[in-house]
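Peer 1: structure-v3.csv is the file, holding CSV, C-alpha atoms:
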chain,number,residue,atom,x,y,z
R,23,MET,CA,-5.9,-13.5,17.1
R,24,ASP,CA,-8.4,-14.6,14.4
R,25,VAL,CA,-7.9,-12.6,11.2
R,26,ILE,CA,-11.4,-13.3,10.0
R,27,LYS,CA,-12.8,-11.9,13.2
R,28,LYS,CA,-10.7,-8.8,12.9
R,29,LEU,CA,-11.9,-8.2,9.3
R,30,GLU,CA,-15.5,-8.9,10.4
R,31,ASP,CA,-15.2,-6.2,13.1
R,32,ARG,CA,-13.9,-3.7,10.5
R,33,PHE,CA,-16.7,-4.3,8.1
R,34,LEU,CA,-19.5,-4.4,10.7
R,35,SER,CA,-18.2,-1.3,12.4
R,36,ALA,CA,-19.7,1.0,9.8
R,37,PRO,CA,-23.2,2.0,11.0
R,38,ILE,CA,-26.0,1.0,8.7
R,39,ASN,CA,-29.3,2.9,8.8
R,40,THR,CA,-31.6,0.0,9.1
R,41,GLU,CA,-34.7,2.3,8.7
R,42,SER,CA,-33.6,3.0,5.1
R,43,ILE,CA,-33.2,-0.6,4.0
R,44,THR,CA,-36.2,-2.9,3.3
R,45,GLU,CA,-37.1,-6.5,3.3
R,46,GLU,CA,-38.2,-6.1,-0.3
R,47,GLU,CA,-34.7,-4.9,-1.4
R,48,LEU,CA,-33.3,-7.9,0.3
R,49,ARG,CA,-35.8,-10.2,-1.4
R,50,GLN,CA,-35.0,-8.7,-4.8
R,51,SER,CA,-31.3,-9.1,-4.2
R,52,LEU,CA,-31.6,-12.7,-3.2
R,53,GLN,CA,-33.7,-13.4,-6.3
R,54,GLN,CA,-31.1,-11.6,-8.4
R,55,VAL,CA,-28.3,-13.8,-7.0
R,56,SER,CA,-30.3,-16.9,-7.4
R,57,ASN,CA,-31.0,-16.1,-11.1
R,58,SER,CA,-27.4,-15.2,-11.7
R,59,VAL,CA,-26.2,-18.6,-10.3
R,60,ARG,CA,-28.5,-20.4,-12.6
R,61,ILE,CA,-27.0,-18.6,-15.6
R,62,ASP,CA,-23.3,-18.5,-14.7
R,63,ALA,CA,-23.2,-21.7,-12.6
R,64,SER,CA,-21.1,-20.0,-9.9
R,65,LEU,CA,-21.0,-20.6,-6.2
R,66,SER,CA,-22.2,-17.3,-4.8
R,67,VAL,CA,-22.5,-15.8,-1.3
R,68,LEU,CA,-24.7,-12.8,-0.5
R,69,SER,CA,-23.7,-11.3,2.9
R,70,ASN,CA,-26.0,-9.0,4.8
R,71,LEU,CA,-23.8,-6.6,6.8
R,72,ALA,CA,-26.8,-5.3,8.8
R,73,THR,CA,-27.6,-8.7,10.3
R,74,ASN,CA,-24.3,-10.5,10.0
R,75,THR,CA,-25.9,-13.2,7.9
R,76,SER,CA,-24.8,-14.9,4.6
R,77,TYR,CA,-26.9,-16.7,2.0
R,78,ILE,CA,-25.1,-19.5,0.1
R,79,PHE,CA,-26.2,-20.3,-3.5
R,80,VAL,CA,-24.6,-23.3,-5.0
R,81,GLY,CA,-24.4,-23.5,-8.8
R,82,LYS,CA,-22.8,-26.2,-10.9
R,83,PHE,CA,-19.3,-24.9,-9.9
R,84,GLY,CA,-20.1,-26.2,-6.4
R,85,ARG,CA,-19.3,-29.7,-7.7
R,86,TYR,CA,-15.6,-28.6,-7.6
R,87,PHE,CA,-15.9,-28.5,-3.8
R,88,GLY,CA,-18.2,-31.6,-3.7
R,89,MET,CA,-21.3,-29.4,-3.1
R,90,SER,CA,-24.7,-29.4,-4.8
R,91,GLU,CA,-27.8,-27.2,-4.9
R,92,ALA,CA,-29.0,-29.1,-1.9
R,93,ASP,CA,-26.3,-27.3,0.0
R,94,ASN,CA,-27.9,-23.9,-0.3
R,95,SER,CA,-27.8,-22.5,3.2
R,96,VAL,CA,-27.9,-19.5,5.5
R,97,LEU,CA,-25.0,-18.7,7.8
R,98,ASP,CA,-24.8,-16.6,11.0
R,99,SER,CA,-21.7,-14.8,9.7
R,100,ILE,CA,-20.6,-12.6,6.8
R,101,TRP,CA,-17.7,-14.9,6.1
R,102,GLU,CA,-17.9,-18.2,4.2
R,103,GLU,CA,-15.3,-19.9,6.4
R,104,ASP,CA,-16.0,-23.4,4.9
R,105,ILE,CA,-14.9,-22.0,1.5
R,106,TYR,CA,-12.0,-20.0,3.0
R,107,ASN,CA,-10.6,-23.2,4.5
R,108,ARG,CA,-10.3,-24.6,1.0
R,109,ILE,CA,-8.2,-21.7,-0.3
R,110,HIS,CA,-4.4,-21.9,-0.2
R,111,PRO,CA,-3.3,-19.9,2.9
R,112,ASP,CA,-0.9,-17.7,0.9
R,113,ASP,CA,-3.7,-16.7,-1.5
R,114,LEU,CA,-6.2,-16.2,1.3
R,115,PHE,CA,-3.8,-13.7,2.9
R,116,GLU,CA,-3.7,-11.8,-0.4
R,117,ARG,CA,-7.4,-12.0,-0.8
R,118,HIS,CA,-8.0,-10.5,2.6
R,119,LEU,CA,-5.7,-7.6,1.8
R,120,LEU,CA,-7.6,-7.1,-1.5
R,121,GLU,CA,-10.9,-7.0,0.3
R,122,LEU,CA,-9.6,-4.4,2.8
R,123,GLU,CA,-8.3,-2.3,0.0
R,124,PHE,CA,-11.5,-2.5,-1.9
R,125,PHE,CA,-13.6,-1.6,1.1
R,126,ASN,CA,-11.6,1.5,1.8
R,127,PHE,CA,-11.4,2.4,-1.9
R,128,LEU,CA,-15.2,2.5,-2.2
R,129,LYS,CA,-15.5,4.6,0.9
R,130,GLN,CA,-13.5,7.4,-0.9
R,131,LEU,CA,-15.9,7.4,-3.9
R,132,PRO,CA,-19.1,9.5,-4.3
R,133,LEU,CA,-22.2,7.6,-3.2
R,134,SER,CA,-23.4,7.4,-6.8
R,135,GLU,CA,-20.3,5.4,-7.8
R,136,ARG,CA,-19.9,2.9,-5.0
R,137,LEU,CA,-21.8,0.1,-6.5
R,138,ASN,CA,-20.1,0.3,-9.9
R,139,TYR,CA,-17.0,-1.6,-8.9
R,140,ALA,CA,-15.9,-5.2,-8.3
R,141,THR,CA,-12.8,-7.1,-7.5
R,142,ILE,CA,-11.4,-9.9,-9.6
R,143,CYS,CA,-8.6,-12.3,-8.6
R,144,LYS,CA,-7.4,-15.9,-9.0
R,145,VAL,CA,-6.8,-18.0,-6.0
R,146,ARG,CA,-5.7,-21.6,-5.5
R,147,ALA,CA,-8.5,-23.7,-4.0
R,148,LYS,CA,-8.6,-27.3,-3.0
R,149,SER,CA,-11.0,-29.5,-4.9
R,150,GLN,CA,-13.0,-32.4,-3.4
R,151,THR,CA,-10.2,-34.7,-4.5
R,152,GLY,CA,-7.6,-32.6,-2.5
R,153,ASP,CA,-5.9,-31.0,-5.5
R,154,TYR,CA,-5.2,-27.2,-5.7
R,155,ASN,CA,-6.2,-25.4,-8.9
R,156,TYR,CA,-6.7,-21.8,-9.7
R,157,ILE,CA,-10.3,-20.5,-9.5
R,158,GLU,CA,-11.8,-17.1,-10.1
R,159,HIS,CA,-13.0,-15.0,-7.2
R,160,ARG,CA,-15.1,-11.9,-7.6
R,161,SER,CA,-16.6,-9.5,-5.0
R,162,SER,CA,-18.9,-6.5,-5.2
R,163,TYR,CA,-21.6,-4.7,-3.3
R,164,LEU,CA,-25.2,-4.8,-4.5
R,165,ARG,CA,-26.9,-2.4,-2.0
R,166,MET,CA,-26.1,0.3,0.5
R,167,ASP,CA,-28.2,2.4,2.8
R,168,GLU,CA,-29.2,6.0,2.1
R,169,ASN,CA,-26.0,7.3,3.8
R,170,GLY,CA,-23.8,5.2,1.6
R,171,SER,CA,-22.9,2.5,4.1
R,172,LEU,CA,-22.3,-0.8,2.3
R,173,TRP,CA,-25.1,-3.3,3.1
R,174,LEU,CA,-25.2,-6.3,0.8
R,175,ALA,CA,-21.9,-7.8,-0.3
R,176,LEU,CA,-21.6,-10.5,-3.0
R,177,CYS,CA,-18.8,-13.0,-3.4
R,178,GLN,CA,-18.7,-15.3,-6.5
R,179,TYR,CA,-16.5,-18.4,-7.1
R,180,ASN,CA,-16.2,-20.0,-10.5
R,181,TYR,CA,-13.7,-21.8,-12.8
R,182,SER,CA,-10.9,-19.8,-14.1
R,183,TYR,CA,-10.5,-20.0,-17.9
R,184,SER,CA,-7.5,-17.7,-18.1
R,185,PRO,CA,-3.8,-18.4,-17.5
R,186,PRO,CA,-2.5,-18.6,-13.9
R,187,PRO,CA,-1.6,-15.3,-12.2
R,188,LYS,CA,1.7,-13.6,-13.3
R,189,MET,CA,2.0,-12.1,-9.8
R,190,LEU,CA,0.4,-13.3,-6.6
R,191,ILE,CA,-3.4,-13.5,-7.2
R,192,ASP,CA,-3.5,-10.9,-10.0
R,193,SER,CA,-5.7,-8.5,-7.9
R,194,MET,CA,-7.8,-6.0,-9.9
R,195,ILE,CA,-10.6,-3.6,-9.1
R,196,VAL,CA,-12.9,-3.3,-12.1
R,197,ASN,CA,-15.4,-0.6,-13.0
R,198,LYS,CA,-18.5,-2.7,-14.1
R,199,THR,CA,-20.0,0.2,-16.1
R,200,THR,CA,-16.9,1.2,-18.1
R,201,GLY,CA,-14.7,-1.9,-18.0
R,202,GLU,CA,-11.8,0.2,-16.6
R,203,LYS,CA,-9.3,-2.0,-14.7
R,204,LEU,CA,-7.2,-0.8,-11.8
R,205,THR,CA,-4.2,-2.8,-10.7
R,206,VAL,CA,-4.1,-3.0,-6.9
R,207,ASN,CA,-0.9,-2.3,-5.1
R,208,LYS,CA,-1.5,-3.4,-1.5
R,209,TYR,CA,2.0,-2.7,-0.2
R,210,ASP,CA,3.0,0.9,-0.7
R,211,ASN,CA,3.0,3.2,2.3
R,212,CYS,CA,2.0,0.3,4.6
R,213,THR,CA,5.4,-0.5,6.0
R,214,ARG,CA,5.6,2.2,8.6
R,215,LEU,CA,3.0,0.4,10.7
R,216,LEU,CA,5.2,-2.7,11.0
R,217,THR,CA,8.2,-3.9,13.0
R,218,GLU,CA,11.6,-4.4,11.2
R,219,ARG,CA,11.0,-8.2,10.9
R,220,GLU,CA,7.4,-7.7,9.7
R,221,ASN,CA,8.8,-5.2,7.1
R,222,GLU,CA,11.2,-7.9,5.9
R,223,VAL,CA,8.3,-10.4,5.6
R,224,PHE,CA,6.1,-7.8,3.9
R,225,VAL,CA,8.7,-7.0,1.3
R,226,CYS,CA,9.1,-10.7,0.5
R,227,VAL,CA,5.3,-11.1,0.2
R,228,SER,CA,5.2,-8.1,-2.2
R,229,LYS,CA,7.7,-9.9,-4.4
R,230,GLY,CA,5.4,-12.9,-4.6
R,231,LEU,CA,7.4,-15.3,-2.4
R,232,LEU,CA,5.6,-18.2,-0.7
R,233,SER,CA,5.8,-18.7,3.1
R,234,LYS,CA,8.4,-21.5,2.7
R,235,GLU,CA,10.5,-19.3,0.4
R,236,ILE,CA,10.3,-16.4,2.9
R,237,ALA,CA,11.3,-18.8,5.7
R,238,ALA,CA,14.4,-20.0,3.8
R,239,GLN,CA,15.4,-16.5,2.8
R,240,LEU,CA,15.1,-15.0,6.3
R,241,HIS,CA,16.3,-18.2,8.1
R,242,ILE,CA,13.1,-18.5,10.2
R,243,SER,CA,10.5,-21.2,10.5
R,244,ILE,CA,7.3,-21.3,8.4
R,245,ASN,CA,5.3,-20.9,11.6
R,246,THR,CA,7.1,-17.7,12.4
R,247,VAL,CA,6.5,-16.4,8.8
R,248,ASN,CA,2.8,-17.2,9.2
R,249,ARG,CA,2.6,-15.4,12.5
R,250,HIS,CA,4.2,-12.3,11.0
R,251,ARG,CA,1.8,-12.4,8.1
R,252,GLN,CA,-1.1,-12.6,10.6
R,253,ASN,CA,0.3,-9.6,12.6
R,254,ILE,CA,0.7,-7.6,9.4
R,255,ILE,CA,-2.9,-8.0,8.3
R,256,GLU,CA,-4.2,-7.3,11.8
R,257,LYS,CA,-2.2,-4.1,11.9
R,258,LEU,CA,-3.5,-2.9,8.5
R,259,ASN,CA,-7.0,-3.8,9.6
R,260,VAL,CA,-7.2,-2.1,13.0
R,261,ASN,CA,-5.7,1.3,11.9
R,262,ASN,CA,-8.4,3.7,10.9
R,263,SER,CA,-6.3,6.5,9.6
R,264,MET,CA,-6.9,7.1,5.9
R,265,ASP,CA,-3.3,8.2,5.3
R,266,VAL,CA,-2.0,4.7,6.0
R,267,LEU,CA,-4.3,2.8,3.7
R,268,CYS,CA,-2.6,1.1,0.7
R,269,PRO,CA,-3.3,3.1,-2.4
R,270,ILE,CA,-4.5,2.1,-5.9
R,271,THR,CA,-1.9,2.5,-8.6
Render the structure in this file as structure tokens.
Peer 2:
Amino acid sequence: MDVIKKLEDRFLSAPINTESITEEELRQSLQQVSNSVRIDASLSVLSNLATNTSYIFVGKFGRYFGMSEADNSVLDSIWEEDIYNRIHPDDLFERHLLELEFFNFLKQLPLSERLNYATICKVRAKSQTGDYNYIEHRSSYLRMDENGSLWLALCQYNYSYSPPPKMLIDSMIVNKTTGEKLTVNKYDNCTRLLTERENEVFVCVSKGLLSKEIAAQLHISINTVNRHRQNIIEKLNVNNSMDVLCPIT
């Protein structure tokens, strides 16, 4: 089963009151992202959860992927799959878990605070020359409807000027107004959803082991490890009970 499709179903399942959102708000947000890209040179993606549409803005960082400003585009999806395909599979798995955690973290906040937070992580991404290097990935939400349903999501990719991650992708949730940083633990209280073998793989993932290392430790193939990883994220995604969501520590 396609993990991206499962995540998409989760994010698009929250009803958005389209009567409370306006074309002017969308236009202003598009202009805001366009202006930001000119300043910080990022490659940014603004996703409209109400219409399942994404707007790609390519700044100078796009050259890392062999892209230029001429590659600005509109997608009929909230997922930038062309970019995801360039991210190392192990890091993409972690990034998906982070996004799920962030989405549910925001849902527990008062409406007035939901737009104050962003995620930051470092992922390995393949350059136009085929080399993997760490880049910075940020995500946040710019707009929501009057009921607090998240509407416009922003993903930003740029060069990483800090040391490589000490653990996995160094996931953090940051309060943009105060600077407070919350380390994300995506693993606690999740294991009761999983089979015995999935638990074993999950524990290895939480220790920062790569798929090939997990395969060697558990004496199974890499394909089997990847299948278990996909099953894990699907199970975490489809369960709607708040008491099984991985907490912030």
Peer 1: Using all atoms listed in the file, determine which residues lie at most 6 Å from Ile244 of chain R, disregarding the query and same-chain residues fewer than 3 positions distant; provide the list as a list in words.
Peer 2: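 Here the qualifying residues turn out to be Lys234, Ala237 and Val247 of chain R.
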Peer 1: How would the residues just picked look written out with C-alpha atoms as an mmCIF file, in the frame of the given file?
Peer 2:
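New file out-v4.cif:
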data_model
loop_
_atom_site.group_PDB
_atom_site.id
_atom_site.type_symbol
_atom_site.label_atom_id
_atom_site.label_comp_id
_atom_site.auth_asym_id
_atom_site.auth_seq_id
_atom_site.Cartn_x
_atom_site.Cartn_y
_atom_site.Cartn_z
ATOM 1 C CA LYS R 234 8.400 -21.500 2.700
ATOM 2 C CA ALA R 237 11.300 -18.800 5.700
ATOM 3 C CA VAL R 247 6.500 -16.400 8.800
#
Peer 1: Return the single residue from R:Leu231, R:Met89, R:Leu137, R:Leu131 that is closest to Leu174 of chain R, with distances computed using all atoms listed in the file.
Peer 2: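 Using all atoms listed in the file, the shortest distance to Leu174 of chain R belongs to R:Leu137.
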Peer 1: Just checking: using all atoms listed in the file, which residue out of R:Met194, R:Val223, R:Leu48, R:Ala147 ends up closest to Phe124 of chain R?
Peer 2: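 Looking only at the distances to Phe124 of chain R, the closest residue turns out to be R:Met194.
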Peer 1: Env of Lys229 of chain R: 10 Å cut, atoms = all atoms listed in the file, seq-sep filter 3 positions within chain, self excluded. Answer as a PyMOL selection string.
Peer 2: chain R and resi 189-190+224-226+232
Peer 1: Within 9 Å of (-2.2, -18.0, 9.6) (file coordinates; only C-alpha atoms), which protein or nucleic acid residues are there? I'd like them as a PyMOL selection string.
Peer 2: chain R and resi 24-25+111-112+115+245+247-252
Peer 1: Could you jot down the atom CA of Val55 of chain R to atom CA of Leu97 of chain R separation for me, Å, one decimal place?
Peer 2: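 Value for the atom CA of Val55 of chain R-atom CA of Leu97 of chain R distance: 15.9 Å.
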Peer 1: Separation of atom CA of Ile43 of chain R and atom CA of Thr73 of chain R, in Å?
Peer 2: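 According to the coordinates, atom CA of Ile43 of chain R and atom CA of Thr73 of chain R are separated by 11.7 Å.
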Peer 1: Please provide as a VMD selection string all residues within 6 Å of segment 75-82 of chain R, with the sequence filter that same-chain residues fewer than 3 positions apart are discarded (counting only C-alpha atoms).
Peer 2: chain R and resid 59 63 to 70 85 91 94 to 100
Peer 1: Closest to Leu114 of chain R among R:Ile255, R:Thr205, R:Glu45, R:Asn138, using all atoms listed in the file?
Peer 2: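 The answer is R:Ile255, which sits nearest to Leu114 of chain R.
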Peer 1: Give me, please, the distance in Å between atom CA of Thr44 of chain R and atom CA of Leu176 of chain R, quoted to one decimal.
Peer 2: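 Interatomic distance, atom CA of Thr44 of chain R to atom CA of Leu176 of chain R: 17.6 Å.
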Peer 1: For Arg108 of chain R, which residue among R:Gln130, R:Thr141, R:Gln150, R:Ser42 is the nearest when counting only C-alpha atoms?
Peer 2: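 Closest candidate: R:Gln150.
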Peer 1: Which residue, R:Ser90, R:Ser134, R:Asn126, R:Ser193, has the smallest gap to His159 of chain R when you use all atoms listed in the file?
Peer 2: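 Among the listed residues, the smallest separation from His159 of chain R belongs to R:Ser193.
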Peer 1: Which residue, R:Leu119, R:Asn39, R:Gly84, R:Leu164, has the smallest gap to Ser228 of chain R when you use all atoms listed in the file?
Peer 2: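 Once distances to Ser228 of chain R are computed over all atoms listed in the file, the minimum belongs to R:Leu119.
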Peer 1: Just want the 9 Å neighbourhood of Leu133 of chain R, counted on only C-alpha atoms, with same-chain residues fewer than 5 positions away dropped. Output as a list of chain:residue names.
Peer 2: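 What passes the distance filter is R:Leu128, R:Glu168, R:Asn169, R:Gly170, R:Ser171.
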